[in-house]
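Asker: So here's structure-v4.cif (mmCIF, N, CA and C atoms).
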```cif
data_query
loop_
_atom_site.label_atom_id
_atom_site.label_comp_id
_atom_site.auth_asym_id
_atom_site.auth_seq_id
_atom_site.Cartn_x
_atom_site.Cartn_y
_atom_site.Cartn_z
N MET W 1 168.50 31.86 96.23
CA MET W 1 168.80 33.03 95.44
C MET W 1 167.92 33.07 94.16
N LEU W 2 167.71 31.95 93.56
CA LEU W 2 166.91 31.86 92.36
C LEU W 2 165.45 32.23 92.64
N GLU W 3 164.95 31.81 93.83
CA GLU W 3 163.58 32.14 94.20
C GLU W 3 163.38 33.64 94.35
N ILE W 4 164.37 34.32 94.88
CA ILE W 4 164.30 35.78 95.06
C ILE W 4 164.25 36.47 93.68
N ALA W 5 165.11 36.03 92.77
CA ALA W 5 165.16 36.62 91.43
C ALA W 5 163.83 36.38 90.71
N LEU W 6 163.27 35.18 90.84
CA LEU W 6 161.99 34.90 90.20
C LEU W 6 160.86 35.72 90.82
N SER W 7 160.89 35.92 92.13
CA SER W 7 159.88 36.74 92.80
C SER W 7 159.94 38.19 92.34
N ILE W 8 161.14 38.71 92.26
CA ILE W 8 161.32 40.10 91.80
C ILE W 8 160.90 40.23 90.34
N GLY W 9 161.27 39.26 89.51
CA GLY W 9 160.86 39.27 88.11
C GLY W 9 159.35 39.20 87.97
N GLY W 10 158.69 38.37 88.77
CA GLY W 10 157.23 38.27 88.74
C GLY W 10 156.57 39.56 89.18
N LEU W 11 157.15 40.19 90.21
CA LEU W 11 156.63 41.47 90.70
C LEU W 11 156.75 42.55 89.63
N LEU W 12 157.92 42.61 88.98
CA LEU W 12 158.12 43.61 87.91
C LEU W 12 157.17 43.36 86.74
N LEU W 13 156.97 42.11 86.39
CA LEU W 13 156.04 41.77 85.32
C LEU W 13 154.62 42.18 85.68
N SER W 14 154.23 41.97 86.92
CA SER W 14 152.89 42.37 87.38
C SER W 14 152.70 43.88 87.32
N VAL W 15 153.71 44.63 87.77
CA VAL W 15 153.63 46.09 87.76
C VAL W 15 153.57 46.60 86.32
N LEU W 16 154.39 46.05 85.45
CA LEU W 16 154.39 46.45 84.04
C LEU W 16 153.04 46.16 83.39
N THR W 17 152.49 45.00 83.65
CA THR W 17 151.18 44.64 83.11
C THR W 17 150.11 45.58 83.61
N TYR W 18 150.18 45.94 84.88
CA TYR W 18 149.20 46.88 85.46
C TYR W 18 149.24 48.22 84.74
N PHE W 19 150.42 48.79 84.59
CA PHE W 19 150.52 50.11 83.98
C PHE W 19 150.15 50.10 82.49
N LEU W 20 150.46 49.02 81.80
CA LEU W 20 150.03 48.92 80.40
C LEU W 20 148.51 48.83 80.31
N GLY W 21 147.89 48.13 81.24
CA GLY W 21 146.42 48.05 81.27
C GLY W 21 145.78 49.39 81.56
N VAL W 22 146.37 50.15 82.47
CA VAL W 22 145.85 51.48 82.79
C VAL W 22 145.95 52.39 81.57
N ARG W 23 147.08 52.32 80.88
CA ARG W 23 147.27 53.15 79.70
C ARG W 23 146.26 52.79 78.60
N ARG W 24 146.06 51.51 78.38
CA ARG W 24 145.09 51.06 77.40
C ARG W 24 143.68 51.49 77.80
N GLY W 25 143.38 51.39 79.07
CA GLY W 25 142.06 51.81 79.57
C GLY W 25 141.80 53.29 79.34
N LYS W 26 142.82 54.11 79.54
CA LYS W 26 142.67 55.55 79.28
C LYS W 26 142.41 55.82 77.81
N ARG W 27 143.10 55.10 76.94
CA ARG W 27 142.89 55.29 75.50
C ARG W 27 141.48 54.88 75.10
N TYR W 28 141.02 53.75 75.62
CA TYR W 28 139.65 53.31 75.33
C TYR W 28 138.64 54.32 75.86
N ARG W 29 138.89 54.87 77.02
CA ARG W 29 137.98 55.86 77.61
C ARG W 29 137.90 57.11 76.73
N GLU W 30 139.03 57.58 76.21
CA GLU W 30 139.04 58.75 75.33
C GLU W 30 138.26 58.46 74.04
N GLU W 31 138.44 57.26 73.49
CA GLU W 31 137.70 56.89 72.28
C GLU W 31 136.20 56.83 72.56
N ASP W 32 135.84 56.29 73.72
CA ASP W 32 134.42 56.22 74.09
C ASP W 32 133.82 57.60 74.26
N LEU W 33 134.57 58.52 74.87
CA LEU W 33 134.07 59.88 75.06
C LEU W 33 133.88 60.59 73.72
N ALA W 34 134.81 60.38 72.79
CA ALA W 34 134.69 60.99 71.46
C ALA W 34 133.46 60.44 70.73
N ALA W 35 133.24 59.14 70.83
CA ALA W 35 132.08 58.54 70.17
C ALA W 35 130.78 59.03 70.82
N ALA W 36 130.78 59.18 72.14
CA ALA W 36 129.59 59.66 72.84
C ALA W 36 129.29 61.11 72.47
N ALA W 37 130.32 61.94 72.33
CA ALA W 37 130.11 63.33 71.95
C ALA W 37 129.53 63.42 70.54
N GLU W 38 130.02 62.59 69.65
CA GLU W 38 129.48 62.58 68.28
C GLU W 38 128.03 62.11 68.27
N HIS W 39 127.72 61.12 69.08
CA HIS W 39 126.35 60.62 69.17
C HIS W 39 125.42 61.69 69.75
N ASP W 40 125.88 62.41 70.79
CA ASP W 40 125.06 63.47 71.38
C ASP W 40 124.78 64.59 70.37
N ALA W 41 125.80 64.96 69.60
CA ALA W 41 125.61 66.00 68.58
C ALA W 41 124.59 65.54 67.54
N ASP W 42 124.71 64.30 67.11
CA ASP W 42 123.77 63.76 66.13
C ASP W 42 122.35 63.74 66.69
N HIS W 43 122.22 63.41 67.95
CA HIS W 43 120.90 63.38 68.59
C HIS W 43 120.30 64.79 68.68
N ARG W 44 121.14 65.79 69.05
CA ARG W 44 120.66 67.18 69.11
C ARG W 44 120.19 67.64 67.74
N ILE W 45 120.97 67.34 66.71
CA ILE W 45 120.62 67.74 65.35
C ILE W 45 119.31 67.09 64.92
N ASP W 46 119.18 65.81 65.15
CA ASP W 46 117.96 65.10 64.76
C ASP W 46 116.73 65.65 65.47
N ARG W 47 116.88 65.99 66.74
CA ARG W 47 115.75 66.53 67.50
C ARG W 47 115.28 67.86 66.89
N VAL W 48 116.21 68.73 66.53
CA VAL W 48 115.87 70.02 65.91
C VAL W 48 115.22 69.79 64.54
N VAL W 49 115.77 68.90 63.75
CA VAL W 49 115.24 68.65 62.40
C VAL W 49 113.83 68.07 62.47
N GLN W 50 113.60 67.15 63.39
CA GLN W 50 112.26 66.56 63.51
C GLN W 50 111.23 67.60 63.93
N ARG W 51 111.60 68.46 64.88
CA ARG W 51 110.66 69.53 65.29
C ARG W 51 110.40 70.48 64.13
N TYR W 52 111.46 70.84 63.40
CA TYR W 52 111.31 71.75 62.27
C TYR W 52 110.40 71.13 61.21
N ALA W 53 110.63 69.87 60.89
CA ALA W 53 109.82 69.20 59.87
C ALA W 53 108.35 69.17 60.29
N LEU W 54 108.09 68.93 61.55
CA LEU W 54 106.71 68.93 62.04
C LEU W 54 106.08 70.32 61.90
N LEU W 55 106.83 71.36 62.23
CA LEU W 55 106.31 72.73 62.10
C LEU W 55 106.00 73.07 60.64
N VAL W 56 106.86 72.63 59.74
CA VAL W 56 106.65 72.93 58.32
C VAL W 56 105.46 72.13 57.78
N ARG W 57 105.38 70.87 58.14
CA ARG W 57 104.29 70.02 57.62
C ARG W 57 102.92 70.47 58.13
N THR W 58 102.88 71.04 59.32
CA THR W 58 101.60 71.51 59.86
C THR W 58 101.34 72.97 59.49
N ASN W 59 102.21 73.54 58.63
CA ASN W 59 102.10 74.95 58.19
C ASN W 59 102.07 75.93 59.36
N TRP W 60 102.74 75.59 60.43
CA TRP W 60 102.78 76.51 61.57
C TRP W 60 103.81 77.60 61.33
N THR W 61 104.96 77.21 60.85
CA THR W 61 106.02 78.17 60.53
C THR W 61 107.05 77.49 59.66
N GLY W 62 108.00 78.23 59.18
CA GLY W 62 109.05 77.66 58.33
C GLY W 62 110.27 78.56 58.32
N ALA W 63 111.19 78.27 57.45
CA ALA W 63 112.42 79.02 57.24
C ALA W 63 113.17 79.25 58.55
N LEU W 64 113.77 80.43 58.68
CA LEU W 64 114.60 80.74 59.85
C LEU W 64 113.79 80.68 61.13
N HIS W 65 112.61 81.25 61.12
CA HIS W 65 111.77 81.24 62.33
C HIS W 65 111.46 79.81 62.76
N GLY W 66 111.19 78.94 61.82
CA GLY W 66 110.91 77.55 62.14
C GLY W 66 112.10 76.87 62.80
N LEU W 67 113.29 77.14 62.29
CA LEU W 67 114.48 76.57 62.91
C LEU W 67 114.67 77.09 64.33
N LEU W 68 114.42 78.37 64.51
CA LEU W 68 114.57 78.95 65.85
C LEU W 68 113.58 78.35 66.83
N VAL W 69 112.33 78.21 66.41
CA VAL W 69 111.31 77.62 67.27
C VAL W 69 111.64 76.15 67.55
N ALA W 70 112.22 75.47 66.57
CA ALA W 70 112.57 74.06 66.73
C ALA W 70 113.74 73.85 67.68
N GLY W 71 114.47 74.91 68.01
CA GLY W 71 115.55 74.80 68.98
C GLY W 71 116.94 74.77 68.41
N VAL W 72 117.13 75.42 67.26
CA VAL W 72 118.44 75.40 66.61
C VAL W 72 119.51 76.09 67.49
N ARG W 73 119.09 76.92 68.40
CA ARG W 73 120.06 77.56 69.30
C ARG W 73 120.73 76.57 70.24
N ASN W 74 120.14 75.40 70.41
CA ASN W 74 120.73 74.37 71.27
C ASN W 74 121.91 73.67 70.60
N LEU W 75 122.07 73.89 69.31
CA LEU W 75 123.20 73.30 68.62
C LEU W 75 124.45 74.11 68.95
N ARG W 76 125.57 73.45 69.03
CA ARG W 76 126.76 74.06 69.62
C ARG W 76 127.75 74.67 68.64
N SER W 77 127.59 74.41 67.35
CA SER W 77 128.57 74.94 66.40
C SER W 77 127.93 75.19 65.04
N SER W 78 128.66 75.89 64.20
CA SER W 78 128.19 76.14 62.84
C SER W 78 128.07 74.83 62.06
N ASP W 79 128.95 73.89 62.34
CA ASP W 79 128.88 72.61 61.63
C ASP W 79 127.60 71.86 61.98
N GLU W 80 127.22 71.88 63.25
CA GLU W 80 125.97 71.23 63.65
C GLU W 80 124.77 71.92 62.99
N ILE W 81 124.79 73.24 62.94
CA ILE W 81 123.70 73.98 62.31
C ILE W 81 123.66 73.70 60.81
N ARG W 82 124.84 73.60 60.18
CA ARG W 82 124.90 73.27 58.75
C ARG W 82 124.30 71.90 58.49
N LEU W 83 124.62 70.92 59.34
CA LEU W 83 124.05 69.58 59.18
C LEU W 83 122.54 69.60 59.38
N ALA W 84 122.08 70.37 60.36
CA ALA W 84 120.63 70.49 60.58
C ALA W 84 119.96 71.13 59.37
N ARG W 85 120.60 72.12 58.80
CA ARG W 85 120.07 72.79 57.60
C ARG W 85 119.95 71.80 56.45
N GLU W 86 120.99 70.99 56.23
CA GLU W 86 120.98 70.02 55.14
C GLU W 86 119.91 68.95 55.36
N ARG W 87 119.81 68.46 56.58
CA ARG W 87 118.82 67.42 56.88
C ARG W 87 117.39 67.97 56.77
N ALA W 88 117.21 69.21 57.23
CA ALA W 88 115.88 69.82 57.14
C ALA W 88 115.49 70.02 55.68
N ALA W 89 116.44 70.46 54.87
CA ALA W 89 116.15 70.64 53.44
C ALA W 89 115.83 69.31 52.78
N ALA W 90 116.51 68.25 53.18
CA ALA W 90 116.24 66.93 52.61
C ALA W 90 114.86 66.43 53.01
N GLN W 91 114.44 66.71 54.23
CA GLN W 91 113.14 66.22 54.69
C GLN W 91 111.96 67.03 54.18
N THR W 92 112.14 68.34 54.09
CA THR W 92 111.00 69.19 53.74
C THR W 92 111.02 69.66 52.28
N GLY W 93 112.16 69.54 51.62
CA GLY W 93 112.25 69.98 50.24
C GLY W 93 112.61 71.45 50.09
N ASN W 94 112.71 72.18 51.19
CA ASN W 94 113.08 73.60 51.16
C ASN W 94 114.23 73.87 52.10
N ASP W 95 115.20 74.65 51.64
CA ASP W 95 116.31 75.04 52.49
C ASP W 95 115.83 76.16 53.43
N PRO W 96 115.83 75.93 54.73
CA PRO W 96 115.30 76.94 55.64
C PRO W 96 116.14 78.23 55.70
N LEU W 97 117.38 78.17 55.27
CA LEU W 97 118.24 79.35 55.29
C LEU W 97 118.67 79.76 53.89
N ARG W 98 117.79 79.55 52.91
CA ARG W 98 118.13 79.80 51.51
C ARG W 98 118.44 81.26 51.22
N GLN W 99 117.89 82.18 51.98
CA GLN W 99 118.11 83.59 51.69
C GLN W 99 119.39 84.14 52.31
N TYR W 100 120.11 83.27 53.02
CA TYR W 100 121.35 83.69 53.66
C TYR W 100 122.54 83.07 52.94
N SER W 101 123.64 83.78 52.92
CA SER W 101 124.83 83.35 52.22
C SER W 101 125.38 82.05 52.82
N ASN W 102 125.93 81.18 51.97
CA ASN W 102 126.50 79.92 52.43
C ASN W 102 127.81 80.10 53.18
N SER W 103 128.45 81.25 53.02
CA SER W 103 129.77 81.45 53.61
C SER W 103 129.72 82.10 55.01
N VAL W 104 128.54 82.36 55.54
CA VAL W 104 128.47 83.02 56.84
C VAL W 104 128.65 82.00 57.97
N ASN W 105 129.02 82.51 59.12
CA ASN W 105 129.11 81.70 60.33
C ASN W 105 127.68 81.50 60.83
N LEU W 106 127.17 80.29 60.69
CA LEU W 106 125.77 80.04 61.02
C LEU W 106 125.47 80.19 62.51
N LYS W 107 126.43 79.86 63.34
CA LYS W 107 126.22 80.02 64.79
C LYS W 107 126.05 81.50 65.13
N GLU W 108 126.84 82.33 64.49
CA GLU W 108 126.75 83.78 64.69
C GLU W 108 125.39 84.30 64.20
N LEU W 109 124.94 83.82 63.04
CA LEU W 109 123.65 84.22 62.49
C LEU W 109 122.52 83.85 63.45
N ILE W 110 122.52 82.61 63.94
CA ILE W 110 121.46 82.15 64.83
C ILE W 110 121.48 82.91 66.15
N ASP W 111 122.67 83.15 66.69
CA ASP W 111 122.77 83.87 67.95
C ASP W 111 122.33 85.33 67.83
N ALA W 112 122.40 85.89 66.63
CA ALA W 112 122.02 87.29 66.42
C ALA W 112 120.50 87.47 66.30
N CYS W 113 119.78 86.37 66.14
CA CYS W 113 118.33 86.46 65.92
C CYS W 113 117.57 86.72 67.22
N VAL W 114 116.60 87.61 67.10
CA VAL W 114 115.65 87.86 68.19
C VAL W 114 114.28 87.44 67.66
N PHE W 115 113.62 86.51 68.36
CA PHE W 115 112.36 85.98 67.84
C PHE W 115 111.37 85.76 68.96
N ASP W 116 110.10 85.67 68.56
CA ASP W 116 109.03 85.32 69.49
C ASP W 116 108.22 84.19 68.85
N ASP W 117 107.02 83.96 69.32
CA ASP W 117 106.21 82.85 68.80
C ASP W 117 105.74 83.03 67.36
N THR W 118 105.75 84.26 66.88
CA THR W 118 105.20 84.48 65.55
C THR W 118 106.20 84.91 64.49
N SER W 119 107.31 85.51 64.88
CA SER W 119 108.23 85.99 63.86
C SER W 119 109.63 86.24 64.43
N VAL W 120 110.55 86.48 63.49
CA VAL W 120 111.89 86.94 63.84
C VAL W 120 111.81 88.45 63.88
N ARG W 121 112.06 89.04 65.01
CA ARG W 121 111.86 90.48 65.17
C ARG W 121 112.87 91.33 64.41
N ASN W 122 114.09 90.85 64.30
CA ASN W 122 115.12 91.64 63.62
C ASN W 122 115.51 91.01 62.29
N ASP W 123 114.51 90.53 61.55
CA ASP W 123 114.79 89.82 60.30
C ASP W 123 115.44 90.70 59.24
N ARG W 124 115.07 91.96 59.17
CA ARG W 124 115.68 92.86 58.17
C ARG W 124 117.17 93.08 58.46
N GLU W 125 117.46 93.29 59.75
CA GLU W 125 118.85 93.48 60.15
C GLU W 125 119.67 92.22 59.86
N ILE W 126 119.12 91.07 60.16
CA ILE W 126 119.80 89.80 59.92
C ILE W 126 120.04 89.60 58.42
N LEU W 127 119.03 89.92 57.61
CA LEU W 127 119.15 89.76 56.16
C LEU W 127 120.20 90.69 55.60
N GLU W 128 120.26 91.93 56.09
CA GLU W 128 121.28 92.88 55.64
C GLU W 128 122.67 92.40 56.02
N ARG W 129 122.79 91.87 57.23
CA ARG W 129 124.09 91.48 57.74
C ARG W 129 124.59 90.15 57.17
N PHE W 130 123.68 89.17 57.00
CA PHE W 130 124.10 87.83 56.61
C PHE W 130 123.52 87.39 55.26
N GLY W 131 122.71 88.21 54.62
CA GLY W 131 122.05 87.81 53.38
C GLY W 131 122.98 87.70 52.21
N LYS W 132 122.47 87.09 51.14
CA LYS W 132 123.25 86.98 49.90
C LYS W 132 123.42 88.35 49.31
N LYS W 133 124.58 88.60 48.78
CA LYS W 133 124.88 89.95 48.25
C LYS W 133 124.87 89.93 46.76
#
```
Just dump the structure as structure tokens.

Answerer:
Amino acid sequence: MLEIALSIGGLLLSVLTYFLGVRRGKRYREEDLAAAAEHDADHRIDRVVQRYALLVRTNWTGALHGLLVAGVRNLRSSDEIRLARERAAAQTGNDPLRQYSNSVNLKELIDACVFDDTSVRNDREILERFGKK
């Protein structure tokens, strides 16, 4: 009788240990995914800033058009664009979006831009809509 009770107790302990391990594994996986997402965002931002800095240093383009050519549309949120703006200003000494209000939704501003290799085609409309008042 004692052997049966010990076997059942061992089985219950094994099952409990298994489920606690699965739960811990899920929590670690969620933490890893959050860290990976943050790393990917940082990598996207750095890639845009480096391209922008190269364009500015070679006098090819600058400001809003430079950010657009550098791929700022690949950034996924206004916060990512704000970080790219701050990093670009720190690297080049000029704020690429200085003529636009700080309170605007930057993702909306970037998505509204129409540009080609040489200029932003609707720059007047963008300035009227998002510019400093």

Asker: Please evaluate the PyMOL selection byres ((chain W and resi 71-79) around 8) against the structure above and give the resulting residues as a PyMOL selection string.

Answerer: chain W and resi 41+44-45+47-49+51-52+65-70+80-85+104-108+110-111

Asker: Select, from W:Trp60, W:Arg98, W:Ser14, W:Asp46, the residue with the minimum atom-to-atom distance to Gly131 of chain W, counting all atoms listed in the file.

Answerer: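 Checking each candidate against Gly131 of chain W, we get W:Arg98 as the closest.
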
Asker: Tell me, in Å to one decimal, how far atom C of Ala112 of chain W is from atom N of Glu86 of chain W.

Answerer: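 Spanning atom C of Ala112 of chain W to atom N of Glu86 of chain W is a straight-line distance of 19.3 Å.
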
Asker: Quick one, how far is atom CA of Thr17 of chain W from atom C of Ala36 of chain W?

Answerer: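 Answer for the atom CA of Thr17 of chain W to atom C of Ala36 of chain W separation: 29.4 Å.
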
Asker: So how far away is atom C of Ala90 of chain W from atom C of Glu125 of chain W, in Å?

Answerer: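 Between these atoms lies a distance of 27.1 Å.
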
Asker: Report as a list in words the full result of the PyMOL selection byres (((chain W and resi 123 and name CA) around 12) and name CA) when it is applied to this structure.

Answerer: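 When the PyMOL selection byres (((chain W and resi 123 and name CA) around 12) and name CA) is applied to the shown file, the picked residues are Ala63, Leu64, His65, Gln99, Tyr100, Leu109, Ile110, Ala112, Cys113, Val114, Phe115, Asp116, Ser119, Val120, Arg121, Asn122, Arg124, Glu125, Ile126, Leu127, Glu128, Arg129, Phe130 and Gly131 of chain W.
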
Asker: Save the residues we just selected, N, CA and C atoms, as a PDB file, keeping the file's coordinate frame?

Answerer:
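Everything below was put into part-v8.pdb:
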```
ATOM      1  N   ALA W  63     111.190  78.270  57.450  1.00  0.00           N
ATOM      2  CA  ALA W  63     112.420  79.020  57.240  1.00  0.00           C
ATOM      3  C   ALA W  63     113.170  79.250  58.550  1.00  0.00           C
ATOM      4  N   LEU W  64     113.770  80.430  58.680  1.00  0.00           N
ATOM      5  CA  LEU W  64     114.600  80.740  59.850  1.00  0.00           C
ATOM      6  C   LEU W  64     113.790  80.680  61.130  1.00  0.00           C
ATOM      7  N   HIS W  65     112.610  81.250  61.120  1.00  0.00           N
ATOM      8  CA  HIS W  65     111.770  81.240  62.330  1.00  0.00           C
ATOM      9  C   HIS W  65     111.460  79.810  62.760  1.00  0.00           C
ATOM     10  N   GLN W  99     117.890  82.180  51.980  1.00  0.00           N
ATOM     11  CA  GLN W  99     118.110  83.590  51.690  1.00  0.00           C
ATOM     12  C   GLN W  99     119.390  84.140  52.310  1.00  0.00           C
ATOM     13  N   TYR W 100     120.110  83.270  53.020  1.00  0.00           N
ATOM     14  CA  TYR W 100     121.350  83.690  53.660  1.00  0.00           C
ATOM     15  C   TYR W 100     122.540  83.070  52.940  1.00  0.00           C
ATOM     16  N   LEU W 109     124.940  83.820  63.040  1.00  0.00           N
ATOM     17  CA  LEU W 109     123.650  84.220  62.490  1.00  0.00           C
ATOM     18  C   LEU W 109     122.520  83.850  63.450  1.00  0.00           C
ATOM     19  N   ILE W 110     122.520  82.610  63.940  1.00  0.00           N
ATOM     20  CA  ILE W 110     121.460  82.150  64.830  1.00  0.00           C
ATOM     21  C   ILE W 110     121.480  82.910  66.150  1.00  0.00           C
ATOM     22  N   ALA W 112     122.400  85.890  66.630  1.00  0.00           N
ATOM     23  CA  ALA W 112     122.020  87.290  66.420  1.00  0.00           C
ATOM     24  C   ALA W 112     120.500  87.470  66.300  1.00  0.00           C
ATOM     25  N   CYS W 113     119.780  86.370  66.140  1.00  0.00           N
ATOM     26  CA  CYS W 113     118.330  86.460  65.920  1.00  0.00           C
ATOM     27  C   CYS W 113     117.570  86.720  67.220  1.00  0.00           C
ATOM     28  N   VAL W 114     116.600  87.610  67.100  1.00  0.00           N
ATOM     29  CA  VAL W 114     115.650  87.860  68.190  1.00  0.00           C
ATOM     30  C   VAL W 114     114.280  87.440  67.660  1.00  0.00           C
ATOM     31  N   PHE W 115     113.620  86.510  68.360  1.00  0.00           N
ATOM     32  CA  PHE W 115     112.360  85.980  67.840  1.00  0.00           C
ATOM     33  C   PHE W 115     111.370  85.760  68.960  1.00  0.00           C
ATOM     34  N   ASP W 116     110.100  85.670  68.560  1.00  0.00           N
ATOM     35  CA  ASP W 116     109.030  85.320  69.490  1.00  0.00           C
ATOM     36  C   ASP W 116     108.220  84.190  68.850  1.00  0.00           C
ATOM     37  N   SER W 119     107.310  85.510  64.880  1.00  0.00           N
ATOM     38  CA  SER W 119     108.230  85.990  63.860  1.00  0.00           C
ATOM     39  C   SER W 119     109.630  86.240  64.430  1.00  0.00           C
ATOM     40  N   VAL W 120     110.550  86.480  63.490  1.00  0.00           N
ATOM     41  CA  VAL W 120     111.890  86.940  63.840  1.00  0.00           C
ATOM     42  C   VAL W 120     111.810  88.450  63.880  1.00  0.00           C
ATOM     43  N   ARG W 121     112.060  89.040  65.010  1.00  0.00           N
ATOM     44  CA  ARG W 121     111.860  90.480  65.170  1.00  0.00           C
ATOM     45  C   ARG W 121     112.870  91.330  64.410  1.00  0.00           C
ATOM     46  N   ASN W 122     114.090  90.850  64.300  1.00  0.00           N
ATOM     47  CA  ASN W 122     115.120  91.640  63.620  1.00  0.00           C
ATOM     48  C   ASN W 122     115.510  91.010  62.290  1.00  0.00           C
ATOM     49  N   ARG W 124     115.070  91.960  59.170  1.00  0.00           N
ATOM     50  CA  ARG W 124     115.680  92.860  58.170  1.00  0.00           C
ATOM     51  C   ARG W 124     117.170  93.080  58.460  1.00  0.00           C
ATOM     52  N   GLU W 125     117.460  93.290  59.750  1.00  0.00           N
ATOM     53  CA  GLU W 125     118.850  93.480  60.150  1.00  0.00           C
ATOM     54  C   GLU W 125     119.670  92.220  59.860  1.00  0.00           C
ATOM     55  N   ILE W 126     119.120  91.070  60.160  1.00  0.00           N
ATOM     56  CA  ILE W 126     119.800  89.800  59.920  1.00  0.00           C
ATOM     57  C   ILE W 126     120.040  89.600  58.420  1.00  0.00           C
ATOM     58  N   LEU W 127     119.030  89.920  57.610  1.00  0.00           N
ATOM     59  CA  LEU W 127     119.150  89.760  56.160  1.00  0.00           C
ATOM     60  C   LEU W 127     120.200  90.690  55.600  1.00  0.00           C
ATOM     61  N   GLU W 128     120.260  91.930  56.090  1.00  0.00           N
ATOM     62  CA  GLU W 128     121.280  92.880  55.640  1.00  0.00           C
ATOM     63  C   GLU W 128     122.670  92.400  56.020  1.00  0.00           C
ATOM     64  N   ARG W 129     122.790  91.870  57.230  1.00  0.00           N
ATOM     65  CA  ARG W 129     124.090  91.480  57.740  1.00  0.00           C
ATOM     66  C   ARG W 129     124.590  90.150  57.170  1.00  0.00           C
ATOM     67  N   PHE W 130     123.680  89.170  57.000  1.00  0.00           N
ATOM     68  CA  PHE W 130     124.100  87.830  56.610  1.00  0.00           C
ATOM     69  C   PHE W 130     123.520  87.390  55.260  1.00  0.00           C
ATOM     70  N   GLY W 131     122.710  88.210  54.620  1.00  0.00           N
ATOM     71  CA  GLY W 131     122.050  87.810  53.380  1.00  0.00           C
ATOM     72  C   GLY W 131     122.980  87.700  52.210  1.00  0.00           C
TER      73      GLY W 131
END
```
